[in-house]
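Data first, discussion second: the structure below is written as structure tokens.
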Amino acid sequence: MALESKIPKGPLSDKWTNHKSKINLVSPANKRAIDIIVVGTGLAGASASATLAELGYNVKTFCFQDSPRRAHSIAAQGGINAAKNYQGDGDSTYRLFYDTIKGGDYRSREANVHRLAEVSTNIIDQCVAQGVPFARDYGGLLDNRSFGGVLVSRTFYAKGQTGQQLLLGAYSAMNRQIGRGKIKMYNRHEMMDLVVVDGKARGIITRNLVDGKIERHGAHAVVIASGGYGNVFFLSTNAMGSNVSAGWKIHKKGAHFANPCYTQIHPTCIPVSGDHQSKLTLMSESLRNDGRIWVPKNIEDVKAIREGKLKPIEIAEENRDYYLERRYPAFGNLVPRDVASRAAKERCDAGYGVNKTGEAVYLDFAAAIVRYGSEQAHVKGLDENDAALVKKLGQEVVRAKYGNLFQMYEKIVDQDPYETPMMIYPAVHYTMGGVWVDYNLMTSIPGCYAIGEANFSDHGANRLGASALMQGLADGYFVLPYTIGDYLADDIRTGKIDTSHPEFEKAEAAVKAQLESFVNTKGKNTVDYYHRKLGKIMWDKCGMSRNAKGLKEAIADIKALREDFYKNVNVPGTTSEFNEQLAKAGRVADFLELGELFAKDALERTESCGGHFREESQTPEGEALRNDKEFTFVSAWEYKGEPSKAKLHKEKLDYEEIEVKTRSYK
Amino acid sequence: MNLTLKVWRQANAEAKGKMETYPIADVSPDMSFLEMMDVLNEQLMGQGVDPIAFDHDCREGICGMCSMFINGEAHGPDRLVTTCQLHMRKFKDGDTITIEPFRAQAFPVIKDLTVDRSAFDRVQQAGGFVSVNTSGNTQDANSIPIDKHDADKAFDAATCIGCGACVASCKNASAMLFVSAKVSQYALLPQGKVEATDRVMNMVKQMDEEGFGNCTNTGACEVECPKGISLENIARMNREYLYASLKG
């Protein structure tokens, strides 16, 4: 099937407005006869469910957690971008659009990104109207902060819990519709497969996680809003349950999967402490405003630190290597996420890592504490030379800015970051790749849509901070509810979808067979054994830097691991009860396939771009080297029986309004 | 560390449950409580014993899904943390740790330590929202200035994660802290004032129908709340409720 992006004609800034005016609508009376399924209740899924129900459609929404409010959007910390220009600092729709394209290293779709920038302001208005308590200044107006990779303050926030507040806003909008009976909510339900009838998405098969019952649900359209697949690495900042299964199931039914290798590895996470580790915790990007990143200059000092004979604060200034400031004098500690992550890995690979695993660098607030303390002493007319006083005043300022993050760090690591530098290391955080969608957010299966992190379109090869929340809500509140009508306008005479159709029967039988085979394998290894092994292959060979040899090994290793999984996995219990291991087995089975496609995609893309660094493609100084001539396209993979046989389709990326440039942070 | 765990086991909602004792060795003080449970489950599966079911997801203290009652306290002995953020360094070698589900009539056990908290969702569905449709035409976000103190208080109330520790800690299994946090958030904001009367009446009605108990002001909920939601919210809800009742 050919890729048709369906980008509307006309000037970039008019495309969305014109498109909205011209697409087909469904009358209010007909909306009542149309059913829509939404899978996932994060920002994208919850906002889409609420809005579709407000419009009059019958919505069925599914989440695997015990409540829609648990979706992992809730853990987003920093903020949400919008081109409001409340600060009068020169922001505009165009500038937000430009920053996002550039931040994505010129690998995102121009028309989608422009639309995202256009609707960004509506999101803030909508959320305030819902009662989302954003941070405000003393005049009662909304406050903004600044994030990496941009020159304006356009980030709206609610302390370090912006994701929580936005998600609870969308959850409240959903609750209103659940109360009215327009949304039927299915908690603790997992989507097991998509049902396609005569080439159109017509429903899903689900498993009730409480009693194991397999159910059929019919609908005129199916919306996948199931988030990203960072957990293919086992360790990531994702929630334990975050998975690729909904996206992968539709891929196997005909939806192309785009740019699977584009992964964001976030530079400031709490390092792994031991083999028992189950997940990683992020420390917000905002910390790099005031923290300086370093490792010791001398390898002897590194050894002494690891043996506990030396403390970091005892290392003299001249014996520290502030490597980001050294390598990137212009941007220093505020280089984009991909650059900061690679630089940390380079130092640790060279043997300078500062904890027992050798995979940690320091993020030091001592200089900021002194700077703020001196300022406070000056303002208050106190003695600026009194070191103890300056430190105390400085710590108060830092506590006001980052208190909740410092507390979280102390709880996990058991060290006081006010007194000793934090230890950080990069970790998998977000996946820019995802299900391929056209301008209407429809996948290559008619009637099946993908929104939020689950799709691929807006962030290119690297996402800027505070843009994930923006995209999730833009898709769910302001894009999908319009574009889905264009497709459904042809479905007003279809009538109720018949779930006794043979396609439903077939899909249900296949789901049941797979579940039975898991519990009947009775092998010797737990599901987590395989997940950890897969994670290690991914991290070692498809992680922060990649090369052809490693990627080829990864493809072979993952295939072998998958075969072993089906022979030797041990899933206790039965299929007809609450069985967490069984649910996990299905998710890991899908990760074991996605991982291989991921490596294949990374192997094919021999350039370096954004979060994807190919060692063969770098400048003499070791910086990422893009190859625009050969790789200005989206890789969209078509499923052909197994990951190794996937067929590559290329969607060429054209930039009308933007000059494609090399990113430099020196 | 070597520990003895006494864990509530219950096959399903209908089954009769009981405490089982499991020894666990070589626990690292750097583990989180749930990572220790992961290790225990791997150990149990190796012995052919059904692993212990427990709810968890984000493991960074914000989703509100984890819900263990540890040594008689919701989320265990540490303050202002959820179970997933509780670390084993809070325990000593040789300790015996008792682990039970959040218990309340309105939170029936599903299996082992997993309980059904959908009663909380239903209370929110009764009125925990502002009735505004998505249109793209709502007024500009800065058109109504909001006093920073009120905005900050609304935010503090809105940080409730809906875990249910308040209910589990209350001798009456009252959900007043949870419900009042949402009522307060909207009562403090101009956007929420329009529907304030209906909201408080409907949410309280639903709360009572779900079988949550009454508040007798013991304050246990506030002590155990991982997000430090203040009792002040309950006082505010009582005011709102009284006002709404008088208004009729």
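Order determines the names: the first chain of the structure tokens is A, the second B, and so forth; residues in each chain are numbered 1 upward, and ligands are numbered 1 upward as they are shown.
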
Restrict the calculation to only C-alpha atoms, then for each residue of chain B with any atom at most 6 Å from an atom of chain A give the closest atom pair and their distance in Å to one decimal, rows by chain and rising residue number, as a Markdown table.
```
| residue | atom | partner | partner_atom | distance |
| --- | --- | --- | --- | --- |
| B:Asp57 | CA | A:Met240 | CA | 5.0 |
| B:Cys58 | CA | A:Ala239 | CA | 4.0 |
| B:Cys63 | CA | A:Arg70 | CA | 4.8 |
| B:Gln125 | CA | A:Asn175 | CA | 4.5 |
| B:Phe129 | CA | A:Ser172 | CA | 4.9 |
| B:Val130 | CA | A:Gln130 | CA | 5.4 |
| B:Gly136 | CA | A:Asn122 | CA | 5.4 |
| B:Asp140 | CA | A:Asp125 | CA | 5.4 |
| B:Ala141 | CA | A:Asp125 | CA | 4.4 |
| B:Asn142 | CA | A:Leu141 | CA | 5.8 |
| B:Pro145 | CA | A:Gly140 | CA | 4.4 |
| B:Ile146 | CA | A:Gly140 | CA | 4.4 |
| B:Asp147 | CA | A:Gly140 | CA | 5.0 |
| B:Lys148 | CA | A:Gly140 | CA | 5.5 |
| B:Phe155 | CA | A:Pro133 | CA | 5.3 |
| B:Gln191 | CA | A:Gly131 | CA | 5.9 |
```

For those residues, write C-alpha atoms to a file as a PDB file, in the first residue's frame.
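See result_33.pdb below for the written result:
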```pdb
ATOM      1  CA  ASP B  57       2.465   1.285  37.797  1.00  0.00           C
ATOM      2  CA  CYS B  58       4.530   4.493  37.688  1.00  0.00           C
ATOM      3  CA  CYS B  63       0.013   7.550  39.618  1.00  0.00           C
ATOM      4  CA  GLN B 125     -18.115  11.154  37.869  1.00  0.00           C
ATOM      5  CA  PHE B 129     -15.485  18.534  36.879  1.00  0.00           C
ATOM      6  CA  VAL B 130     -16.257  21.912  35.368  1.00  0.00           C
ATOM      7  CA  GLY B 136     -11.301  26.134  20.767  1.00  0.00           C
ATOM      8  CA  ASP B 140      -8.354  33.619  26.754  1.00  0.00           C
ATOM      9  CA  ALA B 141      -6.600  31.908  29.644  1.00  0.00           C
ATOM     10  CA  ASN B 142      -5.526  35.233  31.154  1.00  0.00           C
ATOM     11  CA  PRO B 145      -6.810  36.864  36.993  1.00  0.00           C
ATOM     12  CA  ILE B 146      -6.773  34.526  39.997  1.00  0.00           C
ATOM     13  CA  ASP B 147      -5.285  35.431  43.365  1.00  0.00           C
ATOM     14  CA  LYS B 148      -1.985  33.563  43.610  1.00  0.00           C
ATOM     15  CA  PHE B 155      -3.070  23.342  43.299  1.00  0.00           C
ATOM     16  CA  GLN B 191     -14.106  28.515  36.916  1.00  0.00           C
TER      17      GLN B 191
END
```

Point to revise | Nearby residues (only C-alpha atoms) at most 6 Å from segment 173-189 of chain B, same-chain spacing under 5 positions excluded, as a list of chain:residue names | key: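 Once the adjacent positions are removed, what remains is B:Ala104, B:Asp150, B:Ala154, B:Ala157, B:Ala158, B:Val167, B:Phe212, B:Gly213, B:Asn214, B:Cys215, B:Asn233, B:Ile234, B:Met237.
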
**Study point:** For Tyr439 of chain A, the nearest of the candidates A:Arg288, A:Asp105, A:Val113, A:Lys640, counting only C-alpha atoms
**Key:** A:Val113

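Straight-line separation from atom CA of Asn24 of chain A to atom CA of His251 of chain A: 27.2 Å.
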
Point to revise | strand (DSSP E) residues, from DSSP on the backbone, in segment 224-462 of chain A, as a VMD selection string | key: chain A and resid 224 257 to 258 263 to 269 292 to 296 320 to 321 361 to 364 422 to 431 434 to 435 448 to 450

Selection export as a PDB file, in the first residue's frame, atoms kept: C-alpha atoms:
```pdb
ATOM      1  CA  ILE A 224      -5.054   3.954  19.564  1.00  0.00           C
ATOM      2  CA  PHE A 257       5.173   1.487  11.951  1.00  0.00           C
ATOM      3  CA  ALA A 258       7.316   4.594  11.474  1.00  0.00           C
ATOM      4  CA  THR A 263      14.261   7.065  20.974  1.00  0.00           C
ATOM      5  CA  GLN A 264      14.840   9.891  23.396  1.00  0.00           C
ATOM      6  CA  ILE A 265      17.425   9.129  26.020  1.00  0.00           C
ATOM      7  CA  HIS A 266      17.077  11.720  28.745  1.00  0.00           C
ATOM      8  CA  PRO A 267      20.375  12.913  30.247  1.00  0.00           C
ATOM      9  CA  THR A 268      19.295  13.506  33.844  1.00  0.00           C
ATOM     10  CA  CYS A 269      17.936  10.393  35.496  1.00  0.00           C
ATOM     11  CA  ARG A 292      26.907  22.000  36.476  1.00  0.00           C
ATOM     12  CA  ILE A 293      27.795  18.587  35.106  1.00  0.00           C
ATOM     13  CA  TRP A 294      31.257  17.153  35.744  1.00  0.00           C
ATOM     14  CA  VAL A 295      33.483  14.126  36.338  1.00  0.00           C
ATOM     15  CA  PRO A 296      36.987  14.086  37.880  1.00  0.00           C
ATOM     16  CA  ARG A 320      37.226  18.625  37.719  1.00  0.00           C
ATOM     17  CA  ASP A 321      36.247  18.203  34.096  1.00  0.00           C
ATOM     18  CA  VAL A 361      28.280  11.727  36.424  1.00  0.00           C
ATOM     19  CA  TYR A 362      27.837  14.616  38.853  1.00  0.00           C
ATOM     20  CA  LEU A 363      25.214  17.333  38.630  1.00  0.00           C
ATOM     21  CA  ASP A 364      26.492  19.936  41.021  1.00  0.00           C
ATOM     22  CA  MET A 422      23.647  14.605  42.566  1.00  0.00           C
ATOM     23  CA  MET A 423      24.648  11.575  40.535  1.00  0.00           C
ATOM     24  CA  ILE A 424      22.853  11.230  37.218  1.00  0.00           C
ATOM     25  CA  TYR A 425      22.978   9.101  34.102  1.00  0.00           C
ATOM     26  CA  PRO A 426      20.968   9.020  30.865  1.00  0.00           C
ATOM     27  CA  ALA A 427      17.905   6.782  30.603  1.00  0.00           C
ATOM     28  CA  VAL A 428      15.291   5.916  28.010  1.00  0.00           C
ATOM     29  CA  HIS A 429      12.427   8.372  28.344  1.00  0.00           C
ATOM     30  CA  TYR A 430      10.303   8.854  25.214  1.00  0.00           C
ATOM     31  CA  THR A 431       9.882   7.328  21.787  1.00  0.00           C
ATOM     32  CA  GLY A 434       5.392   5.107  16.440  1.00  0.00           C
ATOM     33  CA  VAL A 435       2.480   4.142  14.280  1.00  0.00           C
ATOM     34  CA  CYS A 448      -7.956   3.128  12.703  1.00  0.00           C
ATOM     35  CA  TYR A 449      -6.302   6.206  14.205  1.00  0.00           C
ATOM     36  CA  ALA A 450      -3.215   6.754  16.370  1.00  0.00           C
TER      37      ALA A 450
END
```

Review point. Suppose you want the space between atom CA of Lys193 of chain B and atom CA of Met470 of chain A; what is it in Å?
Key: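 If I compute the distance from atom CA of Lys193 of chain B to atom CA of Met470 of chain A, I get 27.2 Å.
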
**Study point:** All residues 7 Å or closer to Gln206 of chain B, only C-alpha atoms, same chain fewer than 4 positions away omitted, as a ChimeraX atom specification
**Key:** /B:123,126,202,210

Check your understanding: Which residue out of A:Glu503, A:Asp564, A:Glu642, A:Glu410 has the minimum interatomic distance to His87 of chain B when only C-alpha atoms are used?
Key ->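 Nearest to His87 of chain B: A:Glu410.
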
Run DSSP on the backbone and give me the residues of segment 42-173 of chain B it puts in alpha helix (DSSP H), as a CSV table (one decimal) with C-alpha atoms, in the first residue's frame.
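This is the output file selection_5.csv:
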```
chain,number,residue,atom,x,y,z
B,42,GLU,CA,10.5,-14.4,41.4
B,43,GLN,CA,11.4,-16.6,44.5
B,44,LEU,CA,7.8,-17.8,44.8
B,45,MET,CA,7.5,-18.7,41.1
B,46,GLY,CA,10.7,-20.7,41.4
B,118,SER,CA,-13.6,2.3,41.3
B,119,ALA,CA,-15.8,3.8,44.0
B,120,PHE,CA,-13.4,6.8,43.8
B,121,ASP,CA,-14.0,7.1,40.1
B,122,ARG,CA,-17.8,7.1,40.6
B,123,VAL,CA,-17.6,9.9,43.1
B,124,GLN,CA,-15.6,12.0,40.6
B,125,GLN,CA,-18.1,11.2,37.9
B,148,LYS,CA,-2.0,33.6,43.6
B,149,HIS,CA,-2.8,32.3,47.1
B,150,ASP,CA,-6.1,30.8,46.0
B,151,ALA,CA,-4.4,29.3,42.9
B,152,ASP,CA,-1.7,27.8,45.0
B,153,LYS,CA,-4.2,26.3,47.5
B,154,ALA,CA,-6.2,24.9,44.6
B,155,PHE,CA,-3.1,23.3,43.3
B,156,ASP,CA,-2.2,21.8,46.7
B,157,ALA,CA,-5.7,20.2,46.9
B,158,ALA,CA,-5.4,19.1,43.2
B,165,ALA,CA,-4.6,5.9,51.8
B,166,CYS,CA,-6.9,8.2,53.6
B,167,VAL,CA,-9.7,5.7,53.5
B,168,ALA,CA,-7.5,2.8,54.6
B,169,SER,CA,-6.1,4.8,57.5
```
